file my_file.txt (compact mmCIF, C-alpha atoms)
# COMPACT_ATOMS: atom_id res chain seq x y z
CA MET V 1 12.57 -4.92 6.40
CA PHE V 2 10.47 -4.61 9.52
CA VAL V 3 8.05 -2.10 11.03
CA SER V 4 10.78 -0.84 13.37
CA ASP V 5 12.78 0.32 10.33
CA LEU V 6 10.06 2.74 9.16
CA MET V 7 7.63 3.50 11.98
CA ASN V 8 7.14 6.99 13.34
CA THR V 9 7.69 7.04 17.10
CA ASN V 10 6.50 10.62 17.55
CA VAL V 11 2.85 9.65 17.78
CA ILE V 12 0.05 12.17 18.21
CA THR V 13 -2.96 10.69 20.02
CA VAL V 14 -6.40 11.68 21.26
CA GLU V 15 -8.63 10.45 24.07
CA PRO V 16 -12.20 9.13 23.84
CA GLU V 17 -13.59 12.31 25.47
CA ASN V 18 -11.88 14.67 23.02
CA THR V 19 -14.27 16.41 20.67
CA LEU V 20 -14.47 15.60 16.98
CA ALA V 21 -13.60 19.22 16.29
CA ASP V 22 -10.31 18.74 18.15
CA ALA V 23 -9.57 15.49 16.32
CA ALA V 24 -10.32 17.02 12.93
CA ARG V 25 -8.13 20.05 13.66
CA ILE V 26 -5.24 17.83 14.73
CA MET V 27 -5.47 15.65 11.62
CA LEU V 28 -5.53 18.72 9.38
CA ALA V 29 -2.69 20.47 11.19
CA GLN V 30 -0.47 17.39 11.34
CA HIS V 31 -1.32 16.14 7.83
CA VAL V 32 -2.30 12.68 9.06
CA SER V 33 -5.28 10.56 8.07
CA GLY V 34 -5.94 9.06 11.48
CA LEU V 35 -5.16 9.16 15.19
CA PRO V 36 -4.77 6.42 17.82
CA VAL V 37 -7.17 6.78 20.73
CA LEU V 38 -5.69 6.19 24.18
CA ASP V 39 -7.52 5.78 27.48
CA ALA V 40 -5.21 5.84 30.51
CA GLY V 41 -2.33 5.00 28.18
CA ARG V 42 -4.07 1.98 26.65
CA LEU V 43 -5.00 1.81 22.97
CA VAL V 44 -8.78 1.59 22.79
CA GLY V 45 -9.46 2.70 19.24
CA VAL V 46 -8.53 4.63 16.13
CA ILE V 47 -10.28 7.58 14.54
CA THR V 48 -9.71 8.23 10.83
CA GLU V 49 -10.85 10.52 8.06
CA GLY V 50 -13.21 7.76 6.96
CA ASP V 51 -15.00 7.87 10.31
CA LEU V 52 -15.90 11.50 9.64
CA LEU V 53 -17.21 11.19 6.09
CA ARG V 54 -20.84 10.42 6.97
CA ARG V 55 -21.91 13.43 9.03
CA VAL V 56 -25.11 15.41 9.39
CA GLU V 57 -23.15 18.69 9.47
CA ILE V 58 -22.10 18.33 5.83
CA ASP V 59 -25.28 16.60 4.63
CA THR V 60 -23.55 13.26 4.02
CA ALA V 61 -25.40 11.22 6.64
CA PRO V 62 -27.33 8.23 5.22
CA ARG V 63 -30.96 8.86 4.38
CA GLU V 64 -33.52 8.02 7.02
CA ALA V 65 -34.35 4.33 7.00
CA GLY V 66 -37.80 3.04 6.22
CA TRP V 67 -40.16 1.69 8.84
CA PHE V 68 -39.29 -1.98 8.16
CA LYS V 69 -35.58 -1.48 8.73
CA ALA V 70 -36.33 0.56 11.84
CA PHE V 71 -38.53 -2.28 13.12
CA VAL V 72 -36.08 -5.17 12.54
CA MET V 73 -32.77 -3.36 13.23
CA PRO V 74 -33.40 -0.57 15.74
CA SER V 75 -30.01 -0.97 17.47
CA ARG V 76 -28.19 -0.75 14.14
CA LEU V 77 -29.98 2.49 13.32
CA ALA V 78 -29.25 3.84 16.80
CA ASN V 79 -25.54 3.13 16.29
CA ASP V 80 -25.66 4.88 12.92
CA TYR V 81 -27.25 7.92 14.56
CA VAL V 82 -24.48 8.12 17.15
CA HIS V 83 -21.88 7.86 14.40
CA THR V 84 -23.39 10.62 12.28
CA HIS V 85 -24.46 12.98 15.09
CA GLY V 86 -22.09 12.30 18.02
CA GLN V 87 -19.64 15.02 19.01
CA HIS V 88 -16.88 13.04 20.71
CA VAL V 89 -14.14 10.72 19.53
CA ARG V 90 -15.70 7.80 21.42
CA ASP V 91 -18.85 8.16 19.29
CA VAL V 92 -17.19 7.49 15.93
CA MET V 93 -13.86 5.73 16.57
CA SER V 94 -13.18 2.15 15.50
CA SER V 95 -12.99 0.33 18.82
CA THR V 96 -11.24 -2.79 17.53
CA PRO V 97 -8.15 -1.37 15.82
CA ILE V 98 -5.80 -3.63 13.91
CA SER V 99 -2.25 -3.23 15.17
CA VAL V 100 1.24 -4.55 14.40
CA THR V 101 4.46 -4.91 16.37
CA PRO V 102 7.95 -3.52 15.70
CA THR V 103 9.01 -6.96 14.41
CA THR V 104 6.15 -7.33 11.92
CA SER V 105 7.48 -7.61 8.37
CA LEU V 106 6.68 -4.90 5.83
CA ASP V 107 5.23 -7.60 3.61
CA GLU V 108 2.59 -8.33 6.26
CA VAL V 109 1.96 -4.61 6.77
CA ALA V 110 1.40 -4.08 3.05
CA ASP V 111 -1.00 -7.04 2.96
CA ILE V 112 -3.05 -5.62 5.88
CA MET V 113 -3.16 -2.15 4.36
CA VAL V 114 -4.30 -3.43 0.97
CA THR V 115 -6.83 -6.03 2.09
CA LYS V 116 -8.29 -3.99 4.96
CA HIS V 117 -8.11 -0.60 3.17
CA ILE V 118 -6.13 0.89 6.05
CA LYS V 119 -3.76 3.86 5.73
CA ARG V 120 -2.16 3.83 9.19
CA LEU V 121 -1.47 1.08 11.72
CA PRO V 122 -0.65 1.52 15.42
CA VAL V 123 2.49 -0.27 16.57
CA LEU V 124 2.31 -2.01 19.96
CA ALA V 125 5.10 -3.49 22.06
CA ASP V 126 4.04 -5.37 25.19
CA GLY V 127 0.61 -3.77 24.84
CA LYS V 128 2.01 -0.24 24.80
CA LEU V 129 1.75 2.13 21.85
CA VAL V 130 5.28 2.78 20.59
CA GLY V 131 4.67 4.12 17.11
CA VAL V 132 2.60 4.30 13.95
CA ILE V 133 3.40 3.07 10.45
CA SER V 134 1.57 4.56 7.49
CA ARG V 135 1.32 4.20 3.74
CA THR V 136 3.33 7.41 3.53
CA ASP V 137 6.17 5.77 5.47
CA MET V 138 6.12 2.87 3.01
CA LEU V 139 6.08 5.24 0.04
CA ARG V 140 8.97 7.26 1.48
CA ALA V 141 11.07 4.10 1.81
CA LEU V 142 10.21 3.06 -1.74
CA ALA V 143 11.19 6.49 -3.07
CA ARG V 144 14.59 6.24 -1.38
CA ARG V 145 15.17 2.81 -2.91
CA LEU V 146 14.14 4.02 -6.37
CA ILE V 147 16.48 7.01 -6.16
CA ASP V 148 19.42 5.36 -4.42
CA ARG V 149 19.96 2.52 -6.86
CA ASP V 150 22.81 0.04 -6.56
CA ASP V 151 26.16 0.72 -8.19
CA PRO V 152 25.98 0.20 -11.99
CA TYR V 153 26.79 -3.25 -13.34
CA THR V 154 29.24 -3.98 -16.10
CA GLU V 155 27.98 -5.30 -19.46
CA THR V 156 28.60 -8.88 -18.34
CA GLN V 157 26.90 -8.34 -14.96
CA ILE V 158 23.88 -6.71 -16.63
CA LYS V 159 23.32 -9.72 -18.86
CA GLU V 160 23.91 -12.18 -16.02
CA HIS V 161 21.45 -10.33 -13.80
CA ILE V 162 18.69 -10.31 -16.44
CA VAL V 163 19.22 -14.00 -17.24
CA ALA V 164 19.26 -14.98 -13.54
CA THR V 165 16.13 -12.95 -12.76
CA MET V 166 14.21 -14.50 -15.65
CA ALA V 167 15.31 -17.96 -14.53
CA ARG V 168 13.82 -17.33 -11.06
CA GLU V 169 10.45 -16.11 -12.30
CA ARG V 170 7.91 -18.82 -13.07
CA TRP V 171 6.10 -16.76 -15.70
CA ALA V 172 9.24 -16.00 -17.70
CA PRO V 173 10.07 -18.02 -20.86
CA LYS V 174 13.08 -20.26 -20.22
CA SER V 175 14.30 -20.16 -23.79
CA GLY V 176 13.96 -18.12 -26.96
CA ILE V 177 14.94 -14.75 -25.45
CA ARG V 178 18.25 -13.22 -26.57
CA ILE V 179 19.83 -10.45 -24.53
CA ASN V 180 22.52 -8.24 -26.02
CA VAL V 181 24.23 -5.58 -23.93
CA THR V 182 26.26 -2.74 -25.39
CA GLY V 183 27.47 -0.29 -22.78
CA LYS V 184 24.32 0.76 -20.90
CA VAL V 185 21.90 -0.32 -23.65
CA VAL V 186 20.04 -3.63 -23.63
CA ASP V 187 18.54 -5.14 -26.78
CA LEU V 188 15.85 -7.77 -26.26
CA GLU V 189 15.12 -10.25 -29.04
CA GLY V 190 13.06 -13.40 -29.27
CA ALA V 191 9.43 -14.44 -28.85
CA VAL V 192 6.79 -13.92 -26.17
CA PHE V 193 3.24 -15.23 -25.92
CA SER V 194 1.56 -12.29 -24.18
CA ALA V 195 1.86 -8.55 -23.77
CA ALA V 196 2.26 -9.11 -20.03
CA GLU V 197 5.35 -11.27 -20.60
CA GLN V 198 6.85 -8.65 -22.87
CA GLN V 199 6.26 -5.85 -20.36
CA ALA V 200 7.65 -7.86 -17.46
CA ILE V 201 10.80 -8.81 -19.36
CA ARG V 202 11.34 -5.17 -20.23
CA VAL V 203 10.92 -4.20 -16.57
CA ILE V 204 13.58 -6.73 -15.55
CA ALA V 205 15.99 -5.11 -17.99
CA GLU V 206 15.03 -1.54 -17.05
CA THR V 207 15.51 -2.13 -13.32
CA THR V 208 18.95 -3.71 -13.68
CA PRO V 209 21.58 -1.37 -12.17
CA GLY V 210 23.49 0.46 -14.89
CA VAL V 211 20.89 0.11 -17.66
CA GLU V 212 19.89 3.42 -19.23
CA GLU V 213 18.00 2.23 -22.32
CA VAL V 214 16.10 -0.91 -23.31
CA ARG V 215 15.39 -1.57 -26.99
CA ASP V 216 12.54 -4.03 -27.40
CA HIS V 217 12.65 -6.17 -30.56
CA LEU V 218 10.50 -8.99 -29.15
CA LEU V 219 7.96 -10.78 -31.35
CA PHE V 220 4.51 -11.78 -30.17
CA ILE V 221 3.51 -15.35 -31.09
CA ASP V 222 -0.27 -15.78 -31.27
CA PRO V 223 -0.97 -19.07 -29.39
CA GLY V 224 -3.98 -19.79 -31.55
CA SER V 225 -2.57 -19.30 -35.06
CA GLY V 226 1.14 -19.52 -34.39
CA LEU V 227 1.66 -16.31 -36.36
CA ALA V 228 4.35 -13.88 -35.22
CA PHE V 229 3.83 -10.13 -34.88
CA PRO V 230 5.99 -7.32 -33.48
CA ALA V 231 5.14 -7.06 -29.79
CA ALA V 232 3.14 -3.94 -28.92
call {"tool": "encode", "arguments": {"input": "my_file.txt", "output": "structure tokens"}}
result
Amino acid sequence: MFVSDLMNTNVITVEPENTLADAARIMLAQHVSGLPVLDAGRLVGVITEGDLLRRVEIDTAPREAGWFKAFVMPSRLANDYVHTHGQHVRDVMSSTPISVTPTTSLDEVADIMVTKHIKRLPVLADGKLVGVISRTDMLRALARRLIDRDDPYTETQIKEHIVATMARERWAPKSGIRINVTGKVVDLEGAVFSAAEQQAIRVIAETTPGVEEVRDHLLFIDPGSGLAFPAA
């Protein structure tokens, strides 16, 4: 899937000269965590909830720096003052926003959101803002997939799917696991060498279309002693 499949094209924006009060009211009213900032139609920044956390009005501004820091980094402290005391969007916005395009894959979007701790990404096409994609959009798509599962498999298809999935996964044991399917119930038997393996094998069975119950009879083999115990 791509950004174009999920992005919201009804984008609410602000301008650099808008007040922080206006930006905060818009975010609260629209239930969004951030807003693109446009100047003459061009994306110049993003303002988010995080940009408004450190503020003098709510006593969350950083404590006054000592004389040494003020001596060696006066411009840094001046920037901090603008961020905590300024009254306009331009004073607190991130001026180098990360953006994506409509053809960016959701895999890349998820990677950016996780590694950069970003909730919303502007979507640009030929330099023009055409939408926004958020974590909520990703979650909404996931919820639809979890609810609208594929048509149930037959007993034979259930077993074939589990076997084929385990064969593709590098972590999965390639032998020693027995899969028995009766109606919509899967029985797992055999040996695993970690709790993680056991849990992952169970997830493969549970997420197979048509499976309603998984009965786990797997044994845990301690790599050190070779002793077998019922898997937790």
call {"tool": "residues_near_point", "arguments": {"input": "my_file.txt", "point": "(-3.1, 6.5, 22.9)", "cutoff": "7 Å", "atoms": "all atoms listed in the file", "output": "PyMOL selection string"}}
result
chain V and resi 13-15+36-39+41-43+129
call {"tool": "write_last_selection", "arguments": {"input": "my_file.txt", "atoms": "C-alpha atoms", "output": "CSV table (one decimal), keeping the file's coordinate frame"}}
result
chain,number,residue,atom,x,y,z
V,13,THR,CA,-3.0,10.7,20.0
V,14,VAL,CA,-6.4,11.7,21.3
V,15,GLU,CA,-8.6,10.4,24.1
V,36,PRO,CA,-4.8,6.4,17.8
V,37,VAL,CA,-7.2,6.8,20.7
V,38,LEU,CA,-5.7,6.2,24.2
V,39,ASP,CA,-7.5,5.8,27.5
V,41,GLY,CA,-2.3,5.0,28.2
V,42,ARG,CA,-4.1,2.0,26.6
V,43,LEU,CA,-5.0,1.8,23.0
V,129,LEU,CA,1.8,2.1,21.8
call {"tool": "residues_near_point", "arguments": {"input": "my_file.txt", "point": "(9.7, 2.0, 20.7)", "cutoff": "12 Å", "atoms": "all atoms listed in the file", "output": "list of chain:residue names"}}
result
V:Val3, V:Ser4, V:Asp5, V:Leu6, V:Met7, V:Asn8, V:Thr9, V:Asn10, V:Val11, V:Thr101, V:Pro102, V:Thr103, V:Pro122, V:Val123, V:Leu124, V:Ala125, V:Asp126, V:Gly127, V:Lys128, V:Leu129, V:Val130, V:Gly131, V:Val132
call {"tool": "closest_residue", "arguments": {"input": "my_file.txt", "among": "V:Phe193, V:Glu212, V:Ile201, V:Thr165", "to": "Gly224 in chain V", "atoms": "only C-alpha atoms"}}
result
V:Phe193
call {"tool": "closest_residue", "arguments": {"input": "my_file.txt", "among": "V:Ser94, V:Ser225, V:Ser175, V:Thr156", "to": "Gly210 in chain V", "atoms": "all atoms listed in the file"}}
result
V:Thr156
call {"tool": "atom_distance", "arguments": {"input": "my_file.txt", "atom1": "CA of Lys116 in chain V", "atom2": "CA of Trp171 in chain V"}}
result
28.2 Å
call {"tool": "atom_distance", "arguments": {"input": "my_file.txt", "atom1": "CA of Glu49 in chain V", "atom2": "CA of Ser33 in chain V"}}
result
5.6 Å
call {"tool": "residues_around", "arguments": {"input": "my_file.txt", "residues": "Met1 in chain V", "least_positions_apart": "5", "cutoff": "12 Å", "atoms": "all atoms listed in the file", "output": "CSV table (one decimal) with C-alpha atoms, keeping the file's coordinate frame"}}
result
chain,number,residue,atom,x,y,z
V,6,LEU,CA,10.1,2.7,9.2
V,7,MET,CA,7.6,3.5,12.0
V,102,PRO,CA,8.0,-3.5,15.7
V,103,THR,CA,9.0,-7.0,14.4
V,104,THR,CA,6.2,-7.3,11.9
V,105,SER,CA,7.5,-7.6,8.4
V,106,LEU,CA,6.7,-4.9,5.8
V,107,ASP,CA,5.2,-7.6,3.6
V,108,GLU,CA,2.6,-8.3,6.3
V,109,VAL,CA,2.0,-4.6,6.8
V,110,ALA,CA,1.4,-4.1,3.0
V,138,MET,CA,6.1,2.9,3.0
V,141,ALA,CA,11.1,4.1,1.8
V,142,LEU,CA,10.2,3.1,-1.7
call {"tool": "residues_around", "arguments": {"input": "my_file.txt", "residues": "Arg55 in chain V", "least_positions_apart": "4", "cutoff": "9 Å", "atoms": "all atoms listed in the file", "output": "list in words"}}
result
Asp51, Asp59, Thr60, Ala61, Pro62, His83, Thr84 and His85 of chain V
call {"tool": "closest_residue", "arguments": {"input": "my_file.txt", "among": "V:Ile58, V:Val44, V:Val100, V:Ile177", "to": "Gly190 in chain V", "atoms": "only C-alpha atoms"}}
result
V:Ile177
call {"tool": "atom_distance", "arguments": {"input": "my_file.txt", "atom1": "CA of Arg145 in chain V", "atom2": "CA of Ile179 in chain V"}}
result
25.8 Å
call {"tool": "residues_around", "arguments": {"input": "my_file.txt", "residues": "Thr182 in chain V", "least_positions_apart": "5", "cutoff": "12 Å", "atoms": "all atoms listed in the file", "output": "PyMOL selection string"}}
result
chain V and resi 154-159+187-188+210-215
call {"tool": "write_last_selection", "arguments": {"input": "my_file.txt", "atoms": "C-alpha atoms", "output": "PDB file, keeping the file's coordinate frame"}}
result
ATOM      1  CA  THR V 154      29.240  -3.980 -16.100  1.00  0.00           C
ATOM      2  CA  GLU V 155      27.980  -5.300 -19.460  1.00  0.00           C
ATOM      3  CA  THR V 156      28.600  -8.880 -18.340  1.00  0.00           C
ATOM      4  CA  GLN V 157      26.900  -8.340 -14.960  1.00  0.00           C
ATOM      5  CA  ILE V 158      23.880  -6.710 -16.630  1.00  0.00           C
ATOM      6  CA  LYS V 159      23.320  -9.720 -18.860  1.00  0.00           C
ATOM      7  CA  ASP V 187      18.540  -5.140 -26.780  1.00  0.00           C
ATOM      8  CA  LEU V 188      15.850  -7.770 -26.260  1.00  0.00           C
ATOM      9  CA  GLY V 210      23.490   0.460 -14.890  1.00  0.00           C
ATOM     10  CA  VAL V 211      20.890   0.110 -17.660  1.00  0.00           C
ATOM     11  CA  GLU V 212      19.890   3.420 -19.230  1.00  0.00           C
ATOM     12  CA  GLU V 213      18.000   2.230 -22.320  1.00  0.00           C
ATOM     13  CA  VAL V 214      16.100  -0.910 -23.310  1.00  0.00           C
ATOM     14  CA  ARG V 215      15.390  -1.570 -26.990  1.00  0.00           C
TER      15      ARG V 215
END
call {"tool": "closest_residue", "arguments": {"input": "my_file.txt", "among": "V:Gln87, V:Thr207, V:Ser99, V:Gln199", "to": "Val56 in chain V", "atoms": "only C-alpha atoms"}}
result
V:Gln87
call {"tool": "residues_around", "arguments": {"input": "my_file.txt", "residues": "Gly34 in chain V", "least_positions_apart": "5", "cutoff": "9 Å", "atoms": "all atoms listed in the file", "output": "JSON list (two decimals) with C-alpha atoms, in the coordinates of the input"}}
result
[["chain", "number", "residue", "atom", "x", "y", "z"],
["V", 23, "ALA", "CA", -9.57, 15.49, 16.32],
["V", 27, "MET", "CA", -5.47, 15.65, 11.62],
["V", 46, "VAL", "CA", -8.53, 4.63, 16.13],
["V", 47, "ILE", "CA", -10.28, 7.58, 14.54],
["V", 48, "THR", "CA", -9.71, 8.23, 10.83],
["V", 49, "GLU", "CA", -10.85, 10.52, 8.06],
["V", 50, "GLY", "CA", -13.21, 7.76, 6.96],
["V", 119, "LYS", "CA", -3.76, 3.86, 5.73],
["V", 120, "ARG", "CA", -2.16, 3.83, 9.19]]
